[in-house]
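J.: Next comes start35.cif, mmCIF, C-alpha atoms:
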data_work
loop_
_atom_site.label_atom_id
_atom_site.label_comp_id
_atom_site.auth_asym_id
_atom_site.auth_seq_id
_atom_site.Cartn_x
_atom_site.Cartn_y
_atom_site.Cartn_z
CA MET A 1 -37.92 -23.03 -85.80
CA THR A 2 -40.21 -20.51 -84.13
CA PRO A 3 -40.41 -21.13 -80.37
CA LYS A 4 -43.83 -22.21 -79.19
CA LYS A 5 -45.72 -19.53 -77.32
CA ILE A 6 -46.66 -20.88 -73.90
CA THR A 7 -50.29 -20.28 -72.99
CA ARG A 8 -51.98 -20.24 -69.60
CA GLN A 9 -53.66 -23.52 -70.54
CA ASP A 10 -50.23 -25.06 -71.17
CA LEU A 11 -49.27 -24.03 -67.63
CA ARG A 12 -52.47 -25.49 -66.21
CA ASP A 13 -51.87 -28.78 -68.01
CA ALA A 14 -48.27 -28.96 -66.79
CA ALA A 15 -49.28 -28.06 -63.24
CA GLU A 16 -51.89 -30.81 -63.17
CA LYS A 17 -49.44 -33.34 -64.59
CA TYR A 18 -46.45 -32.58 -62.37
CA LYS A 19 -47.83 -31.21 -59.10
CA ASN A 20 -46.79 -33.03 -55.96
CA TRP A 21 -49.79 -32.10 -53.84
CA GLY A 22 -51.08 -34.84 -51.56
CA LYS A 23 -47.94 -36.97 -51.63
CA TRP A 24 -47.55 -36.70 -47.85
CA GLY A 25 -51.24 -36.51 -47.08
CA PRO A 26 -53.85 -33.73 -47.11
CA ASN A 27 -52.48 -32.01 -43.99
CA ASP A 28 -48.84 -31.69 -45.04
CA GLU A 29 -47.22 -28.25 -44.90
CA ILE A 30 -43.51 -28.92 -45.51
CA GLY A 31 -43.36 -30.75 -48.84
CA THR A 32 -40.11 -32.50 -49.70
CA LEU A 33 -38.59 -31.64 -46.34
CA ASN A 34 -40.41 -34.83 -45.34
CA TYR A 35 -37.44 -36.62 -46.88
CA THR A 36 -35.18 -35.44 -44.05
CA HIS A 37 -35.05 -37.71 -40.98
CA PRO A 38 -33.11 -37.46 -37.69
CA GLU A 39 -30.61 -40.10 -38.75
CA ASP A 40 -29.87 -38.09 -41.88
CA ILE A 41 -29.05 -35.01 -39.81
CA ILE A 42 -26.73 -37.06 -37.59
CA ALA A 43 -24.98 -38.51 -40.64
CA ALA A 44 -24.60 -35.02 -42.12
CA ALA A 45 -22.98 -33.75 -38.92
CA ARG A 46 -20.39 -36.51 -39.21
CA LEU A 47 -19.26 -35.15 -42.56
CA VAL A 48 -17.63 -32.10 -40.95
CA ARG A 49 -13.85 -32.32 -41.31
CA LYS A 50 -12.33 -28.83 -41.19
CA GLY A 51 -14.90 -26.93 -39.17
CA LYS A 52 -14.71 -24.08 -41.69
CA VAL A 53 -17.77 -21.85 -41.81
CA ILE A 54 -18.82 -20.31 -45.15
CA SER A 55 -21.46 -17.61 -44.93
CA LEU A 56 -24.25 -17.78 -47.48
CA ALA A 57 -25.78 -14.52 -46.32
CA LEU A 58 -26.33 -11.16 -47.96
CA ASN A 59 -25.32 -8.11 -45.97
CA PHE A 60 -28.22 -6.20 -44.46
CA ASP A 61 -27.27 -2.86 -45.98
CA HIS A 62 -27.97 -0.47 -48.86
CA THR A 63 -26.09 -2.67 -51.36
CA GLY A 64 -28.78 -5.38 -51.30
CA PRO A 65 -30.75 -6.67 -54.31
CA GLN A 66 -33.79 -4.44 -53.92
CA GLY A 67 -34.37 -1.00 -55.35
CA ALA A 68 -37.94 -0.17 -54.31
CA LYS A 69 -38.98 -0.09 -57.97
CA SER A 70 -41.88 -2.17 -59.21
CA ASN A 71 -44.72 -2.25 -61.70
CA TYR A 72 -46.83 -2.13 -58.54
CA PRO A 73 -45.42 0.86 -56.63
CA ALA A 74 -47.26 0.09 -53.40
CA MET A 75 -45.51 -3.28 -53.33
CA GLY A 76 -42.04 -1.95 -54.01
CA ARG A 77 -39.31 -3.46 -51.84
CA THR A 78 -36.46 -1.53 -50.27
CA ASN A 79 -33.02 -2.57 -49.13
CA PRO A 80 -32.55 -2.66 -45.33
CA ILE A 81 -32.94 0.65 -43.52
CA HIS A 82 -30.54 0.64 -40.56
CA THR A 83 -31.22 3.13 -37.78
CA MET A 84 -29.08 3.65 -34.67
CA ILE A 85 -31.25 4.15 -31.57
CA ARG A 86 -28.36 4.70 -29.15
CA THR A 87 -24.75 5.41 -30.06
CA GLY A 88 -21.33 5.83 -28.53
CA THR A 89 -21.82 9.59 -28.83
CA ASP A 90 -24.91 9.29 -26.63
CA ALA A 91 -22.88 7.33 -24.09
CA TYR A 92 -20.03 9.81 -24.14
CA SER A 93 -22.38 12.74 -23.58
CA GLY A 94 -23.84 11.06 -20.49
CA VAL A 95 -27.47 10.98 -21.66
CA LEU A 96 -27.62 7.24 -20.97
CA ASP A 97 -26.15 7.36 -17.48
CA LYS A 98 -29.52 7.51 -15.73
CA ARG A 99 -30.07 3.93 -16.92
CA GLY A 100 -26.96 2.79 -15.12
CA ILE A 101 -25.42 1.29 -18.25
CA ARG A 102 -23.83 2.63 -21.40
CA ALA A 103 -24.54 0.70 -24.60
CA ALA A 104 -25.28 1.03 -28.30
CA ASP A 105 -28.53 -0.15 -29.84
CA ASP A 106 -30.03 -0.21 -33.30
CA MET A 107 -32.94 -1.39 -35.40
CA VAL A 108 -33.43 -2.63 -38.96
CA THR A 109 -36.54 -2.09 -41.08
CA MET A 110 -36.73 -4.26 -44.17
CA PRO A 111 -38.81 -6.53 -46.40
CA LEU A 112 -37.66 -10.13 -46.05
CA GLN A 113 -36.78 -10.34 -49.75
CA CYS A 114 -33.98 -7.81 -49.29
CA GLY A 115 -31.61 -10.41 -47.90
CA THR A 116 -30.91 -14.09 -47.43
CA GLN A 117 -34.01 -15.99 -46.35
CA TRP A 118 -36.01 -19.15 -46.83
CA ASP A 119 -39.48 -18.96 -48.34
CA GLY A 120 -42.24 -20.97 -46.70
CA LEU A 121 -44.49 -22.94 -49.00
CA GLY A 122 -47.19 -20.32 -48.45
CA HIS A 123 -45.11 -17.72 -50.32
CA VAL A 124 -46.21 -18.44 -53.90
CA PHE A 125 -49.67 -19.36 -55.15
CA TYR A 126 -50.81 -21.28 -58.21
CA GLU A 127 -54.08 -19.73 -59.24
CA SER A 128 -55.90 -19.49 -55.88
CA HIS A 129 -53.98 -22.18 -54.02
CA MET A 130 -50.64 -22.74 -52.32
CA TRP A 131 -48.75 -25.98 -51.67
CA ASN A 132 -50.90 -29.06 -51.13
CA GLY A 133 -54.03 -27.30 -52.35
CA TYR A 134 -54.51 -24.96 -49.40
CA ASP A 135 -56.62 -21.89 -50.17
CA CYS A 136 -54.49 -18.79 -50.75
CA ARG A 137 -56.77 -16.94 -48.32
CA GLU A 138 -55.08 -18.87 -45.52
CA VAL A 139 -52.39 -16.18 -45.79
CA THR A 140 -53.83 -13.07 -44.16
CA SER A 141 -52.58 -9.81 -42.68
CA ALA A 142 -51.85 -11.89 -39.57
CA GLY A 143 -49.48 -14.11 -41.54
CA ALA A 144 -49.59 -17.58 -43.06
CA GLN A 145 -52.04 -19.84 -41.27
CA LYS A 146 -50.85 -22.71 -43.46
CA CYS A 147 -47.41 -23.52 -44.93
CA GLY A 148 -45.54 -20.88 -42.92
CA ILE A 149 -41.75 -21.10 -42.68
CA GLU A 150 -42.00 -21.97 -38.96
CA LYS A 151 -43.35 -25.39 -39.96
CA THR A 152 -39.89 -26.29 -41.32
CA LYS A 153 -37.85 -25.50 -38.19
CA ASN A 154 -37.21 -29.14 -37.24
CA LYS A 155 -36.04 -30.13 -40.72
CA MET A 156 -33.71 -27.32 -41.84
CA VAL A 157 -30.46 -29.05 -40.91
CA GLY A 158 -28.39 -31.47 -42.94
CA ARG A 159 -26.03 -32.01 -45.81
CA GLY A 160 -25.78 -29.72 -48.83
CA VAL A 161 -24.04 -29.74 -52.21
CA LEU A 162 -22.68 -26.71 -54.07
CA LEU A 163 -22.89 -26.64 -57.85
CA ASP A 164 -20.54 -23.90 -59.07
CA VAL A 165 -22.14 -23.25 -62.45
CA ALA A 166 -20.15 -20.09 -63.14
CA ARG A 167 -16.84 -21.89 -62.67
CA ALA A 168 -17.95 -24.88 -64.74
CA LEU A 169 -18.69 -22.49 -67.62
CA GLY A 170 -15.25 -20.92 -67.24
CA LYS A 171 -16.60 -17.62 -65.93
CA GLU A 172 -16.05 -15.58 -62.81
CA TRP A 173 -19.78 -14.93 -62.76
CA LEU A 174 -22.81 -15.36 -65.04
CA GLU A 175 -24.09 -12.42 -67.02
CA ASP A 176 -27.35 -10.93 -65.91
CA GLY A 177 -30.21 -12.56 -67.79
CA TYR A 178 -28.43 -15.90 -68.19
CA GLY A 179 -30.86 -18.77 -67.59
CA ILE A 180 -29.25 -21.84 -65.96
CA THR A 181 -30.40 -24.94 -67.84
CA CYS A 182 -30.60 -28.63 -66.96
CA GLU A 183 -27.59 -29.15 -69.22
CA ASP A 184 -25.64 -26.57 -67.21
CA LEU A 185 -26.50 -28.29 -63.95
CA ASN A 186 -25.69 -31.76 -65.26
CA ASN A 187 -22.40 -30.62 -66.77
CA THR A 188 -21.46 -28.86 -63.53
CA ALA A 189 -22.30 -31.93 -61.48
CA GLU A 190 -20.20 -34.11 -63.78
CA ALA A 191 -17.26 -31.71 -63.60
CA GLN A 192 -17.43 -31.76 -59.80
CA GLY A 193 -17.81 -35.54 -59.57
CA VAL A 194 -21.46 -35.49 -58.51
CA THR A 195 -23.94 -37.76 -60.30
CA THR A 196 -27.52 -36.50 -60.50
CA SER A 197 -30.70 -38.39 -61.21
CA LEU A 198 -33.08 -35.45 -61.22
CA CYS A 199 -32.83 -32.01 -62.78
CA VAL A 200 -35.32 -29.15 -62.69
CA PRO A 201 -34.89 -26.36 -65.28
CA ALA A 202 -33.89 -22.77 -64.59
CA ARG A 203 -33.28 -21.69 -61.06
CA TRP A 204 -34.13 -24.75 -58.95
CA SER A 205 -31.79 -27.70 -58.93
CA ALA A 206 -31.59 -31.28 -57.84
CA ALA A 207 -30.01 -32.18 -54.53
CA SER A 208 -27.93 -34.96 -53.03
CA ARG A 209 -30.59 -37.57 -52.25
CA PRO A 210 -34.10 -37.11 -50.87
CA GLY A 211 -33.99 -34.35 -48.30
CA ALA A 212 -30.65 -32.91 -49.37
CA GLY A 213 -30.22 -29.50 -50.94
CA THR A 214 -28.10 -27.99 -53.67
CA ALA A 215 -26.84 -24.40 -53.64
CA ILE A 216 -26.05 -22.92 -57.07
CA ARG A 217 -23.39 -20.24 -57.47
CA ALA A 218 -24.11 -17.85 -60.32
CA GLU A 219 -23.13 -14.43 -58.86
CA THR A 220 -25.12 -12.56 -61.49
CA HIS A 221 -25.26 -9.62 -59.08
CA ARG A 222 -21.64 -8.84 -59.93
CA ALA A 223 -22.39 -8.61 -63.64
CA LEU A 224 -24.90 -5.79 -63.36
CA PRO A 225 -24.38 -3.31 -60.51
CA SER A 226 -27.40 -1.35 -61.74
CA ARG A 227 -29.61 -4.17 -60.50
CA ARG A 228 -29.44 -2.48 -57.14
CA SER A 229 -31.42 0.39 -58.58
CA ASN A 230 -33.65 -1.74 -60.79
CA GLY A 231 -34.42 -4.27 -58.09
CA TRP A 232 -35.61 -7.84 -58.58
CA HIS A 233 -38.87 -6.55 -60.05
CA ALA A 234 -37.10 -5.08 -63.07
CA PRO A 235 -38.27 -6.27 -66.53
CA SER A 236 -37.09 -9.77 -67.36
CA SER A 237 -34.60 -8.39 -69.86
CA GLN A 238 -32.88 -6.61 -66.96
CA ARG A 239 -32.73 -9.40 -64.43
CA SER A 240 -31.38 -12.92 -64.25
CA GLN A 241 -33.58 -15.98 -64.56
CA ALA A 242 -31.16 -17.72 -62.23
CA THR A 243 -31.20 -16.64 -58.60
CA PRO A 244 -27.58 -16.19 -57.41
CA GLY A 245 -27.68 -19.29 -55.27
CA ALA A 246 -30.85 -21.25 -54.53
CA ALA A 247 -31.99 -24.60 -53.26
CA ARG A 248 -34.81 -27.09 -53.29
CA TYR A 249 -34.94 -30.79 -52.68
CA GLY A 250 -34.53 -33.83 -54.92
CA ARG A 251 -32.04 -36.65 -55.62
CA THR A 252 -28.34 -36.89 -56.41
CA THR A 253 -25.49 -39.02 -55.13
CA PRO A 254 -21.98 -37.52 -54.83
CA LYS A 255 -19.29 -39.96 -55.93
CA GLY A 256 -17.48 -41.41 -52.96
CA ALA A 257 -19.47 -39.32 -50.48
CA SER A 258 -21.95 -40.17 -47.78
CA THR A 259 -25.55 -40.35 -48.94
CA SER A 260 -26.87 -38.27 -46.05
CA PRO A 261 -29.67 -35.86 -46.90
CA GLY A 262 -29.21 -32.19 -46.11
CA ILE A 263 -30.16 -28.73 -47.19
CA GLY A 264 -29.01 -25.94 -49.46
CA SER A 265 -29.33 -22.20 -49.13
CA ARG A 266 -29.52 -18.96 -51.02
CA SER A 267 -26.37 -16.98 -51.43
CA ARG A 268 -25.09 -14.02 -53.37
CA SER A 269 -21.44 -14.94 -53.03
CA TRP A 270 -19.19 -17.70 -51.82
CA ALA A 271 -16.02 -17.59 -49.73
#
Would it be possible to restate this file's structure as structure tokens?
T.:
Amino acid sequence: MTPKKITRQDLRDAAEKYKNWGKWGPNDEIGTLNYTHPEDIIAAARLVRKGKVISLALNFDHTGPQGAKSNYPAMGRTNPIHTMIRTGTDAYSGVLDKRGIRAADDMVTMPLQCGTQWDGLGHVFYESHMWNGYDCREVTSAGAQKCGIEKTKNKMVGRGVLLDVARALGKEWLEDGYGITCEDLNNTAEAQGVTTSLCVPARWSAASRPGAGTAIRAETHRALPSRRSNGWHAPSSQRSQATPGAARYGRTTPKGASTSPGIGSRSRSWA
């Protein structure tokens, strides 16, 4: 059977049918983070047993996911550029002594997409609008006047669930270009003892009740080292459809676990 070619009108029809705009009123700027309440954060904190911290962060260095290549050269993204402003050599030579203190200092220049970060709902537009129908022109050279990431600061704490898709498929990592499907997510959840009631195709998953988040481990970065030169703007045949770790909000209930909402996060690797 020949796959149906998706048209722009198909996308418009789907967007109109499934969009969530207006659910929390015309002035909402945080979307499904509205599901997270103070009591949920308290309940999530009570789940800590070992106190073990697992970093979900990318290193801010030249090995990041960007390569400054793009179909739009002026919009090319770089990996972090780390510059030392003061060093131990400066201190040793005495050039800092007039300040009365010897210290090192540095600076980092980078686009935010070169590392681990959360996108505000003003990041992506549908046609000429962002989340909740706000005009895309609300994002100016001065920043996002609507749906900025700062609007989420009181909600970004809680319980999260990891779906290790690579492990569930019997792989150390997923090959670059592999698209994570609903079936993959459901099978992974079943293998881990997590029951889900909502699944979103490709890179965004369900989460563990309203307000909770799911992080997905794919580690496609390890399958194609050349991605660092191609960057995330490489042709689709050269990049993964599944971000190596991502999160949004929805519903699932882990078997035998608390039903506290929480959050997920992006990650390139897991400890």
J.: Return the single residue from A:Ile6, A:Leu11, A:Leu96, A:Met84 that is closest to Glu127 in chain A, with distances computed using all atoms listed in the file.
T.: A:Leu11
J.: Got a sec: who's within 9 Å of Ala103 in chain A, counting only C-alpha atoms, leaving out chain neighbours fewer than 2 positions off, as a list in words?
T.: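 Everything that qualifies: Arg86, Thr87, Gly88, Asp90, Ala91, Leu96, Ile101 and Asp105 of chain A.
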J.: Draw an axis-aligned box over all listed atoms of range 163-172 of chain A, pad each side with 3 Å, and write its centre and edge lengths in Å, one decimal, as lines of an AutoDock Vina configuration file.
T.:
center_x = -19.1
center_y = -21.1
center_z = -62.7
size_x = 13.6
size_y = 17.1
size_z = 15.8
J.: Would you mind telling me which residue in A:Leu121, A:Leu163, A:Ala218, A:Val194 lies nearest to Tyr178 in chain A when using all atoms listed in the file?
T.: A:Ala218
J.: For the atom pair CA of Ile54 in chain A and CA of Lys153 in chain A, what is the interatomic distance in Å to one decimal place?
T.: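 These two atoms are separated by 20.9 Å.
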J.: Report the distance between CA of Arg77 in chain A and CA of Ile180 in chain A in Å, rounded to one decimal place.
T.: 25.3 Å
